[in-house]
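**Student:** See model.txt below, with compact mmCIF, C-alpha atoms and all ligand atoms.
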```
# COMPACT_ATOMS: atom_id res chain seq x y z
CA MET A 1 114.38 1.23 21.61
CA ILE A 2 112.68 4.50 20.71
CA ARG A 3 109.03 4.03 19.83
CA LEU A 4 107.99 6.14 16.89
CA ILE A 5 104.44 7.36 16.96
CA ASN A 6 104.15 8.95 13.57
CA ARG A 7 105.98 10.53 10.66
CA GLU A 8 104.43 13.52 8.95
CA LYS A 9 105.24 16.19 6.42
CA ILE A 10 104.35 19.73 7.35
CA LYS A 11 103.27 22.48 4.97
CA ASP A 12 106.80 23.63 4.08
CA THR A 13 107.64 19.96 3.27
CA MET A 14 110.06 19.59 6.18
CA GLU A 15 109.69 16.08 7.51
CA TYR A 16 109.25 15.42 11.21
CA LYS A 17 108.35 12.57 13.46
CA THR A 18 106.72 12.22 16.85
CA ARG A 19 107.91 9.91 19.60
CA TYR A 20 108.03 9.59 23.38
CA ALA A 21 110.73 11.70 25.05
CA ASN A 22 113.38 10.06 27.19
CA LYS A 23 116.25 11.14 29.40
CA LYS A 24 118.62 11.51 26.43
CA ASP A 25 116.43 14.31 25.09
CA ASP A 26 117.15 16.60 28.05
CA LYS A 27 119.87 18.67 26.38
CA ASN A 28 117.80 19.07 23.23
CA LEU A 29 114.76 19.99 25.33
CA LYS A 30 116.75 22.60 27.20
CA ASP A 31 117.80 24.24 23.90
CA PHE A 32 114.22 24.14 22.66
CA TRP A 33 113.01 25.77 25.87
CA GLU A 34 115.67 28.49 25.86
CA GLU A 35 115.08 29.42 22.21
CA GLY A 36 111.32 29.71 22.73
CA LYS A 37 111.79 31.79 25.89
CA LYS A 38 114.36 34.07 24.20
CA LYS A 39 111.94 34.78 21.38
CA GLY A 40 109.27 35.67 23.94
CA PHE A 41 106.98 32.90 22.71
CA PHE A 42 106.62 30.69 25.78
CA LYS A 43 104.86 33.17 28.00
CA TYR A 44 101.63 31.46 29.04
CA ASN A 45 102.75 28.00 30.16
CA GLY A 46 102.87 27.25 33.85
CA ASP A 47 106.19 25.45 34.17
CA ASN A 48 109.63 26.85 33.72
CA LYS A 49 111.43 23.55 33.46
CA ILE A 50 110.76 20.85 30.91
CA LEU A 51 113.19 18.04 31.49
CA SER A 52 111.86 14.78 30.15
CA GLU A 53 112.85 12.91 33.31
CA SER A 54 110.23 14.91 35.21
CA TRP A 55 107.66 12.79 33.47
CA ASN A 56 109.73 9.66 33.18
CA ASN A 57 107.29 7.90 30.88
CA LYS A 58 105.28 6.32 33.66
CA ASN A 59 101.89 4.88 32.80
CA ASN A 60 99.81 8.04 32.93
CA SER A 61 102.61 10.63 32.64
CA TYR A 62 104.67 11.02 29.52
CA MET A 63 105.92 13.49 26.96
CA ILE A 64 105.54 13.34 23.22
CA ILE A 65 108.05 15.31 21.17
CA ALA A 66 108.10 16.35 17.53
CA ILE A 67 111.58 16.19 15.97
CA ASN A 68 112.61 17.45 12.56
CA ASP A 69 115.05 15.90 10.09
CA LYS A 70 117.95 17.74 11.79
CA ARG A 71 117.07 15.98 15.07
CA LYS A 72 115.91 19.25 16.57
CA ILE A 73 112.93 19.26 18.89
CA ILE A 74 110.24 21.49 17.39
CA GLY A 75 107.35 20.71 19.70
CA LEU A 76 106.25 18.83 22.79
CA CYS A 77 103.09 17.74 24.51
CA VAL A 78 103.07 16.60 28.13
CA VAL A 79 100.55 14.44 29.89
CA ILE A 80 100.60 14.39 33.67
CA GLY A 81 98.58 11.79 35.53
CA ARG A 82 98.66 9.73 38.71
CA GLU A 83 99.66 6.14 39.02
CA GLU A 84 97.21 5.28 41.77
CA GLY A 85 94.43 6.64 43.93
CA ARG A 86 91.01 8.14 43.30
CA MET A 87 92.23 10.59 40.66
CA LYS A 88 94.16 8.18 38.50
CA HIS A 89 91.47 8.42 35.82
CA ARG A 90 92.45 12.08 35.18
CA VAL A 91 95.30 13.73 33.27
CA GLU A 92 96.53 17.29 32.81
CA LEU A 93 97.87 18.39 29.44
CA GLY A 94 100.38 20.98 28.27
CA TRP A 95 102.10 21.83 24.96
CA LEU A 96 104.76 24.00 23.37
CA VAL A 97 105.78 24.44 19.74
CA HIS A 98 109.01 26.13 18.64
CA PRO A 99 108.23 29.69 17.45
CA ASP A 100 109.89 29.02 14.06
CA HIS A 101 107.47 26.15 13.47
CA ALA A 102 104.23 27.54 14.85
CA ARG A 103 100.98 27.41 12.87
CA LYS A 104 102.00 24.39 10.84
CA GLY A 105 99.72 21.92 12.58
CA ILE A 106 102.36 20.42 14.91
CA ALA A 107 100.37 20.90 18.13
CA THR A 108 97.31 19.50 16.39
CA ARG A 109 99.26 16.39 15.39
CA MET A 110 100.69 15.88 18.89
CA LEU A 111 97.35 16.34 20.61
CA LYS A 112 95.80 13.85 18.22
CA GLU A 113 98.45 11.30 19.25
CA VAL A 114 97.90 12.06 22.93
CA ILE A 115 94.14 11.67 22.68
CA ARG A 116 94.59 8.32 20.96
CA ARG A 117 96.80 7.16 23.84
CA ILE A 118 94.42 8.58 26.49
CA LYS A 119 91.57 6.57 25.00
CA LYS A 120 93.73 3.46 24.92
CA ASP A 121 94.61 3.98 28.60
CA LYS A 122 90.90 4.37 29.45
CA ILE A 123 91.46 7.80 31.03
CA LYS A 124 88.11 9.45 31.71
CA ARG A 125 89.00 13.11 32.01
CA ALA A 126 91.67 15.32 30.40
CA GLU A 127 92.10 18.95 31.35
CA ALA A 128 94.13 21.93 30.22
CA GLU A 129 94.48 25.25 31.99
CA ILE A 130 94.92 28.03 29.45
CA ALA A 131 95.55 31.77 29.84
CA ILE A 132 92.48 33.62 28.58
CA LYS A 133 94.68 35.49 26.05
CA ASN A 134 96.17 32.31 24.63
CA THR A 135 94.15 32.22 21.40
CA ALA A 136 96.25 29.48 19.80
CA SER A 137 95.75 27.04 22.69
CA ILE A 138 92.06 27.83 22.96
CA LYS A 139 91.61 27.17 19.23
CA LEU A 140 93.58 23.96 19.62
CA VAL A 141 91.46 22.49 22.41
CA LYS A 142 88.20 23.56 20.79
CA LYS A 143 89.20 21.62 17.66
CA PHE A 144 89.30 18.49 19.79
CA GLY A 145 85.98 19.11 21.52
CA PHE A 146 87.27 20.36 24.88
CA ILE A 147 84.70 22.39 26.81
CA LYS A 148 85.34 25.42 28.99
CA GLU A 149 84.56 24.43 32.57
CA SER A 150 85.55 27.42 34.65
CA LYS A 151 87.54 30.61 34.86
CA ARG A 152 90.34 30.87 37.38
CA GLU A 153 91.07 34.35 38.57
CA LYS A 154 94.80 35.11 38.73
CA GLY A 155 95.53 31.60 37.51
CA LEU A 156 98.98 32.50 36.17
CA THR A 157 101.83 34.89 36.97
CA LEU A 158 103.49 36.37 33.90
CA ASP A 159 107.24 37.02 33.82
CA ASN A 160 106.54 40.73 34.40
CA GLY A 161 104.86 39.83 37.70
CA LYS A 162 101.31 40.50 36.50
CA TYR A 163 98.58 37.98 37.26
CA ILE A 164 96.25 36.88 34.52
CA ASP A 165 93.12 34.77 34.51
CA THR A 166 93.00 31.29 33.05
CA TYR A 167 90.28 28.99 31.75
CA LEU A 168 90.03 25.37 32.68
CA TYR A 169 89.10 23.28 29.64
CA LYS A 170 88.04 19.66 29.95
CA LYS A 171 87.36 16.69 27.74
CA ILE A 172 85.42 13.75 29.14
CA PHE A 173 85.96 10.31 27.63
C1 LIG X 1 99.74 26.88 21.50
C2 LIG X 1 100.75 26.29 20.53
C3 LIG X 1 101.37 25.04 21.12
C4 LIG X 1 100.02 25.94 19.20
O1 LIG X 1 100.96 25.25 18.38
P1 LIG X 1 100.84 25.20 16.79
O2 LIG X 1 101.63 24.04 16.30
O3 LIG X 1 101.14 26.53 16.24
O4 LIG X 1 99.27 24.89 16.59
P2 LIG X 1 98.58 24.36 15.29
O5 LIG X 1 99.34 24.79 14.08
O6 LIG X 1 98.29 22.92 15.43
O7 LIG X 1 97.23 25.19 15.32
C5 LIG X 1 96.15 24.90 16.18
C6 LIG X 1 95.04 25.92 15.91
O8 LIG X 1 95.39 27.17 16.49
C7 LIG X 1 95.44 28.19 15.51
N1 LIG X 1 96.55 29.07 15.84
C8 LIG X 1 97.84 28.71 16.02
N2 LIG X 1 98.56 29.80 16.36
C9 LIG X 1 97.69 30.85 16.39
C10 LIG X 1 97.84 32.22 16.67
N3 LIG X 1 99.01 32.74 17.00
N4 LIG X 1 96.74 33.01 16.62
C11 LIG X 1 95.53 32.50 16.29
N5 LIG X 1 95.33 31.18 16.02
C12 LIG X 1 96.40 30.38 16.06
C13 LIG X 1 95.62 27.45 14.20
O9 LIG X 1 95.16 28.22 13.11
C14 LIG X 1 94.84 26.18 14.43
O10 LIG X 1 93.45 26.37 14.26
P3 LIG X 1 92.73 25.93 12.89
O11 LIG X 1 93.10 24.49 12.65
O12 LIG X 1 91.29 26.14 13.21
O13 LIG X 1 93.27 26.82 11.82
C15 LIG X 1 101.86 27.33 20.21
O14 LIG X 1 101.26 28.52 19.78
C16 LIG X 1 102.78 27.61 21.39
O15 LIG X 1 103.74 26.88 21.64
N6 LIG X 1 102.51 28.70 22.13
C17 LIG X 1 103.38 29.11 23.22
C18 LIG X 1 103.35 28.16 24.41
C19 LIG X 1 101.98 28.02 25.00
O16 LIG X 1 101.22 28.97 25.10
N7 LIG X 1 101.67 26.79 25.42
C20 LIG X 1 100.37 26.43 25.95
C21 LIG X 1 100.14 26.74 27.37
S1 LIG X 1 98.45 26.30 27.77
```
Please rewrite the model in this file as structure tokens.
**Tutor:**
Amino acid sequence: MIRLINREKIKDTMEYKTRYANKKDDKNLKDFWEEGKKKGFFKYNGDNKILSESWNNKNNSYMIIAINDKRKIIGLCVVIGREEGRMKHRVELGWLVHPDHARKGIATRMLKEVIRRIKKDKIKRAEAEIAIKNTASIKLVKKFGFIKESKREKGLTLDNGKYIDTYLYKKIF
């Protein structure tokens, strides 16, 4: 059974809910990804594939998706952690919001859910690597008290082949 995390109304009164992604969301995720790429919006994220099975909802790795009343995915937040070993107290985070639904607080809502789960799982360190030009993501993490830890030179390759620097942001729990 699908576990709902939350149901919210966004500023334009469209209703949406958040829940954990599963294998059945793959087609919907693919459409979401392609639309965002086509509109030139998803340019600073590291991965070029976002199938839910990659994360498989294991203990420390999962994906939260935001879905609107037309069952369309409008945002996602991924958490990637290890199941065992000396780094299993750490997770890496990533997020994407559909360009038509940006700046409505969806990423804020998803990150809030993720942080609640991270605390419940007793994770001690969350990190996010963000392109230095990615103002939206930087604002997002700052809202949640993440701190800039370091700058990574040539941390990311853009689609045009150029390398750009990234910041590593962390939050310690
Ligand atoms: C980053 C991203 C997920 C933010 O999603 P969102 O749902 O628009 O974010 P929110 O509405 O919750 O806004 C979070 C904060 O960022 C600000 N913000 C959002 N988009 C912004 C923009 N384009 N420019 C400046 N600030 C922006 C918001 O005002 C808000 O800050 P505030 O509460 O102080 O006003 C979205 O812009 C996105 O998908 N970008 C492309 C993919 C990407 O870069 N992923 C991250 C890789 S690290």
**Student:** Let me see if you get this right: every residue at most 8 Å from ligand LIG 1 (chain X), counting all atoms listed in the file, written as a PDB file with C-alpha atoms, in the coordinates of the input.
**Tutor:**
```pdb
ATOM      1  CA  GLY A  36     111.320  29.710  22.730  1.00  0.00           C
ATOM      2  CA  PHE A  41     106.980  32.900  22.710  1.00  0.00           C
ATOM      3  CA  PHE A  42     106.620  30.690  25.780  1.00  0.00           C
ATOM      4  CA  LYS A  43     104.860  33.170  28.000  1.00  0.00           C
ATOM      5  CA  TYR A  44     101.630  31.460  29.040  1.00  0.00           C
ATOM      6  CA  ASN A  45     102.750  28.000  30.160  1.00  0.00           C
ATOM      7  CA  GLY A  46     102.870  27.250  33.850  1.00  0.00           C
ATOM      8  CA  GLY A  75     107.350  20.710  19.700  1.00  0.00           C
ATOM      9  CA  GLY A  94     100.380  20.980  28.270  1.00  0.00           C
ATOM     10  CA  TRP A  95     102.100  21.830  24.960  1.00  0.00           C
ATOM     11  CA  LEU A  96     104.760  24.000  23.370  1.00  0.00           C
ATOM     12  CA  VAL A  97     105.780  24.440  19.740  1.00  0.00           C
ATOM     13  CA  HIS A  98     109.010  26.130  18.640  1.00  0.00           C
ATOM     14  CA  PRO A  99     108.230  29.690  17.450  1.00  0.00           C
ATOM     15  CA  HIS A 101     107.470  26.150  13.470  1.00  0.00           C
ATOM     16  CA  ALA A 102     104.230  27.540  14.850  1.00  0.00           C
ATOM     17  CA  ARG A 103     100.980  27.410  12.870  1.00  0.00           C
ATOM     18  CA  LYS A 104     102.000  24.390  10.840  1.00  0.00           C
ATOM     19  CA  GLY A 105      99.720  21.920  12.580  1.00  0.00           C
ATOM     20  CA  ILE A 106     102.360  20.420  14.910  1.00  0.00           C
ATOM     21  CA  ALA A 107     100.370  20.900  18.130  1.00  0.00           C
ATOM     22  CA  THR A 108      97.310  19.500  16.390  1.00  0.00           C
ATOM     23  CA  ARG A 109      99.260  16.390  15.390  1.00  0.00           C
ATOM     24  CA  ALA A 128      94.130  21.930  30.220  1.00  0.00           C
ATOM     25  CA  GLU A 129      94.480  25.250  31.990  1.00  0.00           C
ATOM     26  CA  ILE A 130      94.920  28.030  29.450  1.00  0.00           C
ATOM     27  CA  ALA A 131      95.550  31.770  29.840  1.00  0.00           C
ATOM     28  CA  ASN A 134      96.170  32.310  24.630  1.00  0.00           C
ATOM     29  CA  THR A 135      94.150  32.220  21.400  1.00  0.00           C
ATOM     30  CA  ALA A 136      96.250  29.480  19.800  1.00  0.00           C
ATOM     31  CA  SER A 137      95.750  27.040  22.690  1.00  0.00           C
ATOM     32  CA  ILE A 138      92.060  27.830  22.960  1.00  0.00           C
ATOM     33  CA  LYS A 139      91.610  27.170  19.230  1.00  0.00           C
ATOM     34  CA  LEU A 140      93.580  23.960  19.620  1.00  0.00           C
ATOM     35  CA  LYS A 143      89.200  21.620  17.660  1.00  0.00           C
TER      36      LYS A 143
END
```
**Student:** If we count only C-alpha atoms, what is near A:Arg125 at a cut-off of 8 Å, once residues fewer than 6 positions away on the same chain are taken out, given as a list of chain:residue names?
**Tutor:**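 Non-adjacent residues within range: A:His89, A:Arg90, A:Val91, A:Lys170, A:Lys171, A:Ile172, A:Phe173.
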**Student:** Here is a test: counting all atoms listed in the file, which residue of A:Lys49, A:Arg82, A:Lys112, A:Lys58 is nearest to A:Thr18?
**Tutor:**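 Closest candidate: A:Lys112.
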**Student:** Let me make sure I understand: among A:Asn59, A:Ser52, A:Ser150, A:Asn160, which one has the smallest atom-to-atom distance to A:Leu76 if we use all atoms listed in the file?
**Tutor:**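 Looking only at the distances to A:Leu76, the closest residue turns out to be A:Ser52.
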**Student:** I'd like to know which of A:Val114, A:Lys37, A:Thr157, A:Arg86 is closest to A:Ile65, using all atoms listed in the file.
**Tutor:**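 Going through A:Val114, A:Lys37, A:Thr157, A:Arg86 one by one, the smallest distance to A:Ile65 is for A:Val114.
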**Student:** Please list as a list in words every residue within 7 Å of A:Asn60, counting all atoms listed in the file and excluding residues in the same chain fewer than 3 positions away.
**Tutor:**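 In the requested form, the answer reads Ile80, Gly81, Arg82 and Glu83 of chain A.
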**Student:** Using the selection just defined, write its residues with C-alpha atoms as a PDB file, in the coordinates of the input.
**Tutor:**
```pdb
ATOM      1  CA  ILE A  80     100.600  14.390  33.670  1.00  0.00           C
ATOM      2  CA  GLY A  81      98.580  11.790  35.530  1.00  0.00           C
ATOM      3  CA  ARG A  82      98.660   9.730  38.710  1.00  0.00           C
ATOM      4  CA  GLU A  83      99.660   6.140  39.020  1.00  0.00           C
TER       5      GLU A  83
END
```
**Student:** One decimal, in Å: what's the spacing between atom CA of A:Asp26 and atom CA of A:Ser54?
**Tutor:** 10.1 Å
**Student:** With distances taken over all atoms listed in the file, which of A:Glu149, A:Glu92, A:Asp100, A:Asp47 is nearest to A:Tyr62?
**Tutor:**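 Counting all atoms listed in the file, the residue closest to A:Tyr62 is A:Glu92.
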**Student:** What is the distance between atom CA of A:Tyr20 and atom CA of A:Ile5, in Å to one decimal?
**Tutor:**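 Atom CA of A:Ile5 lies at a distance of 7.7 Å from atom CA of A:Tyr20.
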**Student:** Between atom CA of A:Asn22 and atom CA of A:Ser61, what distance in Å does the model show, to one decimal?
**Tutor:**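 For atom CA of A:Asn22 relative to atom CA of A:Ser61, the distance reads 12.1 Å.
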